[in-house]
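Okay, input-v4.pdb now, which holds PDB, C-alpha atoms and all ligand atoms:
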```
ATOM      1  CA  MET C   1     159.759  69.229  13.642
ATOM      2  CA  THR C   2     157.409  72.160  13.932
ATOM      3  CA  LEU C   3     159.067  75.496  14.457
ATOM      4  CA  LEU C   4     157.485  77.740  17.043
ATOM      5  CA  ILE C   5     158.053  81.467  16.904
ATOM      6  CA  GLY C   6     160.695  82.508  19.410
ATOM      7  CA  ASP C   7     163.774  84.634  19.817
ATOM      8  CA  LYS C   8     166.442  84.593  17.084
ATOM      9  CA  GLN C   9     163.984  83.578  14.393
ATOM     10  CA  ILE C  10     162.989  85.380  11.247
ATOM     11  CA  VAL C  11     159.208  85.436  10.990
ATOM     12  CA  SER C  12     157.275  86.297   7.839
ATOM     13  CA  MET C  13     153.615  87.197   7.947
ATOM     14  CA  HIS C  14     150.805  88.732   6.015
ATOM     15  CA  TYR C  15     148.942  91.312   8.020
ATOM     16  CA  THR C  16     146.178  93.862   7.905
ATOM     17  CA  LEU C  17     146.091  96.639  10.457
ATOM     18  CA  THR C  18     142.825  98.388  11.243
ATOM     19  CA  ASN C  19     141.820 100.959  13.833
ATOM     20  CA  ASP C  20     138.817 100.932  16.158
ATOM     21  CA  GLU C  21     136.622 102.275  13.343
ATOM     22  CA  GLY C  22     137.582  99.353  11.101
ATOM     23  CA  GLU C  23     139.549 101.542   8.692
ATOM     24  CA  ILE C  24     142.550  99.793   7.137
ATOM     25  CA  LEU C  25     145.709 101.647   8.175
ATOM     26  CA  ASP C  26     148.272  99.321   6.664
ATOM     27  CA  SER C  27     148.362  95.950   4.965
ATOM     28  CA  SER C  28     150.744  93.556   3.255
ATOM     29  CA  ASP C  29     147.955  92.683   0.807
ATOM     30  CA  GLY C  30     149.370  92.468  -2.709
ATOM     31  CA  GLN C  31     152.932  92.692  -1.406
ATOM     32  CA  SER C  32     155.523  90.310  -0.025
ATOM     33  CA  PRO C  33     154.901  89.213   3.548
ATOM     34  CA  LEU C  34     156.492  91.358   6.227
ATOM     35  CA  SER C  35     159.591  89.729   7.733
ATOM     36  CA  TYR C  36     161.180  90.643  11.041
ATOM     37  CA  LEU C  37     163.637  89.326  13.621
ATOM     38  CA  HIS C  38     161.712  88.055  16.635
ATOM     39  CA  GLY C  39     162.931  89.175  20.075
ATOM     40  CA  ALA C  40     164.781  92.233  18.757
ATOM     41  CA  SER C  41     162.039  94.853  19.172
ATOM     42  CA  ASN C  42     161.663  95.117  15.394
ATOM     43  CA  ILE C  43     157.889  95.255  15.778
ATOM     44  CA  ILE C  44     155.670  96.720  18.498
ATOM     45  CA  PRO C  45     155.817  94.760  21.786
ATOM     46  CA  GLY C  46     152.090  93.989  21.976
ATOM     47  CA  LEU C  47     152.178  92.178  18.646
ATOM     48  CA  GLU C  48     155.532  90.451  19.181
ATOM     49  CA  LYS C  49     154.327  89.002  22.484
ATOM     50  CA  GLU C  50     151.210  87.440  20.902
ATOM     51  CA  LEU C  51     153.183  85.880  18.053
ATOM     52  CA  THR C  52     155.519  84.008  20.403
ATOM     53  CA  GLY C  53     154.914  80.243  20.221
ATOM     54  CA  LYS C  54     152.812  80.371  17.033
ATOM     55  CA  THR C  55     153.502  78.148  14.003
ATOM     56  CA  VAL C  56     153.487  78.568  10.210
ATOM     57  CA  GLY C  57     149.923  78.770   8.937
ATOM     58  CA  ALA C  58     148.591  80.231  12.168
ATOM     59  CA  LYS C  59     145.995  82.959  11.691
ATOM     60  CA  LEU C  60     145.320  85.267  14.559
ATOM     61  CA  LYS C  61     143.689  88.518  15.506
ATOM     62  CA  VAL C  62     145.648  90.668  17.915
ATOM     63  CA  THR C  63     144.426  93.828  19.620
ATOM     64  CA  VAL C  64     147.216  96.106  20.810
ATOM     65  CA  HIS C  65     146.516  99.018  23.107
ATOM     66  CA  ALA C  66     148.536 102.213  22.778
ATOM     67  CA  GLU C  67     150.838 101.439  25.698
ATOM     68  CA  ASP C  68     151.980  98.223  23.962
ATOM     69  CA  GLY C  69     151.872  99.845  20.536
ATOM     70  CA  TYR C  70     153.133 103.262  19.495
ATOM     71  CA  GLY C  71     152.656 104.864  22.899
ATOM     72  CA  GLU C  72     150.079 107.213  24.320
ATOM     73  CA  PHE C  73     149.450 110.510  22.557
ATOM     74  CA  ASN C  74     151.680 113.157  24.170
ATOM     75  CA  PRO C  75     150.261 116.693  23.891
ATOM     76  CA  GLU C  76     153.723 118.123  24.611
ATOM     77  CA  LEU C  77     154.801 116.880  21.212
ATOM     78  CA  LEU C  78     152.526 119.429  19.558
ATOM     79  CA  GLN C  79     154.778 122.316  18.582
ATOM     80  CA  GLN C  80     154.514 125.618  16.814
ATOM     81  CA  ALA C  81     156.785 126.272  13.858
ATOM     82  CA  PRO C  82     156.972 129.390  11.672
ATOM     83  CA  LEU C  83     154.999 129.124   8.450
ATOM     84  CA  SER C  84     158.131 130.240   6.609
ATOM     85  CA  ALA C  85     159.781 126.943   7.534
ATOM     86  CA  PHE C  86     157.330 125.225   5.191
ATOM     87  CA  ALA C  87     157.990 127.495   2.208
ATOM     88  CA  GLY C  88     159.438 124.568   0.260
ATOM     89  CA  VAL C  89     156.403 122.338   0.778
ATOM     90  CA  GLU C  90     154.022 122.288  -2.118
ATOM     91  CA  ASP C  91     150.331 122.417  -1.259
ATOM     92  CA  LEU C  92     150.734 122.344   2.548
ATOM     93  CA  GLN C  93     147.633 120.814   4.134
ATOM     94  CA  VAL C  94     146.345 119.782   7.536
ATOM     95  CA  GLY C  95     146.925 116.058   8.063
ATOM     96  CA  MET C  96     149.996 115.953   5.825
ATOM     97  CA  GLU C  97     152.869 113.812   7.076
ATOM     98  CA  LEU C  98     156.332 115.155   6.377
ATOM     99  CA  MET C  99     159.854 114.001   7.060
ATOM    100  CA  ALA C 100     161.780 116.648   8.981
ATOM    101  CA  HIS C 101     165.161 116.979  10.625
ATOM    102  CA  GLY C 102     165.074 117.135  14.422
ATOM    103  CA  ASP C 103     167.347 119.140  16.717
ATOM    104  CA  GLN C 104     170.081 116.518  16.593
ATOM    105  CA  GLY C 105     169.791 116.118  12.838
ATOM    106  CA  GLN C 106     167.779 112.915  13.151
ATOM    107  CA  GLN C 107     164.963 112.219  10.712
ATOM    108  CA  GLN C 108     161.554 112.609  12.215
ATOM    109  CA  MET C 109     158.042 112.134  10.914
ATOM    110  CA  ILE C 110     155.793 115.099  11.645
ATOM    111  CA  THR C 111     152.103 115.590  11.051
ATOM    112  CA  VAL C 112     150.653 118.998  10.195
ATOM    113  CA  ARG C 113     147.776 119.683  12.629
ATOM    114  CA  GLU C 114     146.951 123.339  12.054
ATOM    115  CA  ILE C 115     147.920 125.999   9.538
ATOM    116  CA  ASN C 116     147.630 129.575  10.766
ATOM    117  CA  ASP C 117     148.471 132.978   9.256
ATOM    118  CA  ASP C 118     152.102 132.908  10.346
ATOM    119  CA  ASN C 119     152.658 129.564  12.033
ATOM    120  CA  VAL C 120     151.982 125.875  11.723
ATOM    121  CA  ILE C 121     151.153 123.473  14.564
ATOM    122  CA  ILE C 122     153.109 120.287  14.032
ATOM    123  CA  ASP C 123     152.789 116.980  15.848
ATOM    124  CA  THR C 124     155.807 114.724  16.378
ATOM    125  CA  ASN C 125     153.847 111.911  18.006
ATOM    126  CA  HIS C 126     153.969 108.702  15.989
ATOM    127  CA  PRO C 127     151.003 108.847  13.580
ATOM    128  CA  LEU C 128     149.543 105.809  15.383
ATOM    129  CA  ALA C 129     150.206 107.070  18.938
ATOM    130  CA  GLY C 130     147.213 106.774  21.240
ATOM    131  CA  GLN C 131     145.412 104.317  18.978
ATOM    132  CA  THR C 132     144.189 100.821  19.668
ATOM    133  CA  LEU C 133     145.441  98.680  16.816
ATOM    134  CA  HIS C 134     143.796  95.562  15.425
ATOM    135  CA  PHE C 135     146.055  93.172  13.536
ATOM    136  CA  ASP C 136     144.860  90.317  11.385
ATOM    137  CA  VAL C 137     147.918  88.141  10.934
ATOM    138  CA  GLU C 138     148.818  84.978   9.039
ATOM    139  CA  ILE C 139     152.227  83.432   9.667
ATOM    140  CA  THR C 140     153.759  82.375   6.344
ATOM    141  CA  ASP C 141     157.325  81.409   7.285
ATOM    142  CA  ILE C 142     159.639  80.883  10.220
ATOM    143  CA  ARG C 143     163.389  80.326   9.903
ATOM    144  CA  ALA C 144     166.459  80.642  12.074
ATOM    145  CA  ALA C 145     168.178  84.026  11.792
ATOM    146  CA  THR C 146     171.715  84.053  10.380
ATOM    147  CA  GLU C 147     174.640  85.134  12.577
ATOM    148  CA  GLN C 148     174.782  88.336  10.591
ATOM    149  CA  GLU C 149     171.094  89.099  11.083
ATOM    150  CA  LEU C 150     171.512  88.512  14.818
ATOM    151  CA  SER C 151     174.509  90.829  15.039
ATOM    152  CA  HIS C 152     172.682  93.530  13.047
ATOM    153  CA  GLY C 153     169.445  93.056  14.963
ATOM    154  CA  HIS C 154     167.258  92.921  11.860
ATOM    155  CA  VAL C 155     166.237  90.731   8.942
ATOM    156  CA  HIS C 156     168.164  90.596   5.678
ATOM    157  CA  PRO C 157     165.365  89.799   3.243
ATOM    158  CA  THR C 158     167.612  88.082   0.709
ATOM    159  CA  GLY C 159     169.836  86.559   3.386
ATOM    160  CA  GLN C 160     172.644  88.761   2.057
ATOM    161  CA  ASP C 161     174.637  91.519   3.694
ATOM    162  CA  HIS C 162     173.955  95.102   2.680
TER     163      HIS C 162
HETATM  164 ZN    ZN X   1     171.909  94.364   8.478
END
```

Encoded form (structure tokens):
Amino acid sequence: MTLLIGDKQIVSMHYTLTNDEGEILDSSDGQSPLSYLHGASNIIPGLEKELTGKTVGAKLKVTVHAEDGYGEFNPELLQQAPLSAFAGVEDLQVGMELMAHGDQGQQQMITVREINDDNVIIDTNHPLAGQTLHFDVEITDIRAATEQELSHGHVHPTGQDH
């Protein structure tokens, strides 16, 4: 029986992600394949949709536009913060990505866009917001998710609880 990728399955894949300019943004090269629970929004919708129905060994190229990826770039998510708030950051530079605490105490990735005399312009868009993403994917494994993985909504790489 050949397993086809569908809901409630754990899919493993090697992938390389490039942008429109062909720059590699992320890759599983030299690492374990990426595993995720299909149908649980673990990965961006544009990629998940294209993987549905594929089999182990399948190699595919998937182009995902921003609206099916990390969303459009939202200029309202550019904010000004006092320079003093970054006193603890060594060697603050434009383009730096930092983990910050949001208003509700949640962790949030921010990108430094501008450093001025007394303030810093930060960007809380996802670093890949607004970008067209090009995935080169090879499916390496498909298996049924365990009850526990289904109830948690994510993969347990070793099959164990955590
Ligand atoms: Zn879990």

List as CSV every residue of chain C that is in contact with ligand ZN 1 (chain X), defined as an atom at most 12 Å from one of its atoms (using all atoms listed in the file), together with the nearest atom pair and the distance in Å rounded to one decimal, sorted by chain and then rising number.
```
residue,atom,partner,partner_atom,distance
C:Tyr36,CA,X:ZN1,ZN,11.6
C:Leu37,CA,X:ZN1,ZN,11.0
C:Ala145,CA,X:ZN1,ZN,11.5
C:Thr146,CA,X:ZN1,ZN,10.5
C:Glu147,CA,X:ZN1,ZN,10.5
C:Gln148,CA,X:ZN1,ZN,7.0
C:Glu149,CA,X:ZN1,ZN,5.9
C:Leu150,CA,X:ZN1,ZN,8.6
C:Ser151,CA,X:ZN1,ZN,7.9
C:His152,CA,X:ZN1,ZN,4.7
C:Gly153,CA,X:ZN1,ZN,7.1
C:His154,CA,X:ZN1,ZN,5.9
C:Val155,CA,X:ZN1,ZN,6.8
C:His156,CA,X:ZN1,ZN,6.0
C:Pro157,CA,X:ZN1,ZN,9.5
C:Thr158,CA,X:ZN1,ZN,10.9
C:Gly159,CA,X:ZN1,ZN,9.5
C:Gln160,CA,X:ZN1,ZN,8.6
C:Asp161,CA,X:ZN1,ZN,6.2
C:His162,CA,X:ZN1,ZN,6.2
```

Keeping C-alpha atoms for every residue in the selection just given, could you write it to a file as a PDB file, in the coordinates of the input?
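What follows is the written file out33.pdb:
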```
ATOM      1  CA  TYR C  36     161.180  90.643  11.041  1.00  0.00           C
ATOM      2  CA  LEU C  37     163.637  89.326  13.621  1.00  0.00           C
ATOM      3  CA  ALA C 145     168.178  84.026  11.792  1.00  0.00           C
ATOM      4  CA  THR C 146     171.715  84.053  10.380  1.00  0.00           C
ATOM      5  CA  GLU C 147     174.640  85.134  12.577  1.00  0.00           C
ATOM      6  CA  GLN C 148     174.782  88.336  10.591  1.00  0.00           C
ATOM      7  CA  GLU C 149     171.094  89.099  11.083  1.00  0.00           C
ATOM      8  CA  LEU C 150     171.512  88.512  14.818  1.00  0.00           C
ATOM      9  CA  SER C 151     174.509  90.829  15.039  1.00  0.00           C
ATOM     10  CA  HIS C 152     172.682  93.530  13.047  1.00  0.00           C
ATOM     11  CA  GLY C 153     169.445  93.056  14.963  1.00  0.00           C
ATOM     12  CA  HIS C 154     167.258  92.921  11.860  1.00  0.00           C
ATOM     13  CA  VAL C 155     166.237  90.731   8.942  1.00  0.00           C
ATOM     14  CA  HIS C 156     168.164  90.596   5.678  1.00  0.00           C
ATOM     15  CA  PRO C 157     165.365  89.799   3.243  1.00  0.00           C
ATOM     16  CA  THR C 158     167.612  88.082   0.709  1.00  0.00           C
ATOM     17  CA  GLY C 159     169.836  86.559   3.386  1.00  0.00           C
ATOM     18  CA  GLN C 160     172.644  88.761   2.057  1.00  0.00           C
ATOM     19  CA  ASP C 161     174.637  91.519   3.694  1.00  0.00           C
ATOM     20  CA  HIS C 162     173.955  95.102   2.680  1.00  0.00           C
TER      21      HIS C 162
END
```

Name all residues at most 12 Å from Gly30 in chain C (count all atoms listed in the file; drop same-chain ones fewer than 6 positions away) and give them as a PyMOL selection string.
-> chain C and resi 14-16

Could you give me, as a list in words, the residues that have an atom at most 12 Å away from the point (148.1, 96.5, 24.7) in the coordinates of the file, using all atoms listed in the file?
-> Ile44, Pro45, Gly46, Leu47, Glu48, Lys49, Glu50, Val62, Thr63, Val64, His65, Ala66, Glu67, Asp68, Gly69, Tyr70, Gly71, Glu72, Gly130, Gln131, Thr132, Leu133, His134 and Phe135 of chain C

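For the pair CA of Asn119 in chain C and CA of Ala87 in chain C, the separation is 11.4 Å.
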
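Near (161.0, 85.4, 19.1), the residues that fall inside 10 Å on the basis of all atoms listed in the file are C:Leu4, C:Ile5, C:Gly6, C:Asp7, C:Lys8, C:Gln9, C:Ile10, C:Val11, C:Tyr36, C:Leu37, C:His38, C:Gly39, C:Ala40, C:Ser41, C:Glu48, C:Lys49, C:Leu51, C:Thr52, C:Gly53, C:Lys54.
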
Counting all atoms listed in the file, which of C:Leu128, C:Leu98, C:Ile43, C:Ala58 gets nearest to Leu25 in chain C?
-> C:Leu128

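Of note, CA of Leu92 in chain C and CA of Asn19 in chain C are spaced 25.8 Å apart.
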
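Going from CA of Asp141 in chain C over to CA of Leu34 in chain C, you cover 10.0 Å.
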
Of C:Asn125, C:Thr111, C:Ser32, C:Ser27, the one nearest to Gln93 in chain C when counting all atoms listed in the file is C:Thr111

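Under the PyMOL selection byres (((chain C and resi 78) around 7) and not hetatm), the matching residues in the shown file are C:Pro75, C:Glu76, C:Leu77, C:Gln79, C:Ile121, C:Ile122, C:Asp123, C:Thr124.
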
Let me know the residues the PyMOL selection byres (((chain C and resi 59) around 9) and not hetatm) catches in the file above, as a PDB file with C-alpha atoms, in the coordinates of the input.
```pdb
ATOM      1  CA  VAL C  56     153.487  78.568  10.210  1.00  0.00           C
ATOM      2  CA  GLY C  57     149.923  78.770   8.937  1.00  0.00           C
ATOM      3  CA  ALA C  58     148.591  80.231  12.168  1.00  0.00           C
ATOM      4  CA  LEU C  60     145.320  85.267  14.559  1.00  0.00           C
ATOM      5  CA  LYS C  61     143.689  88.518  15.506  1.00  0.00           C
ATOM      6  CA  ASP C 136     144.860  90.317  11.385  1.00  0.00           C
ATOM      7  CA  VAL C 137     147.918  88.141  10.934  1.00  0.00           C
ATOM      8  CA  GLU C 138     148.818  84.978   9.039  1.00  0.00           C
ATOM      9  CA  ILE C 139     152.227  83.432   9.667  1.00  0.00           C
TER      10      ILE C 139
END
```

Applied to this file, what does the PyMOL selection byres (((chain C and resi 115) around 12) and not hetatm) return in terms of residues, put as a PyMOL selection string?
-> chain C and resi 79-84+86+91-96+111-114+116-122

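Between Asn74 in chain C and the candidates C:Ala144, C:His126, C:Leu17, C:His101, the tightest atom-to-atom separation, counting all atoms listed in the file, involves C:His126.
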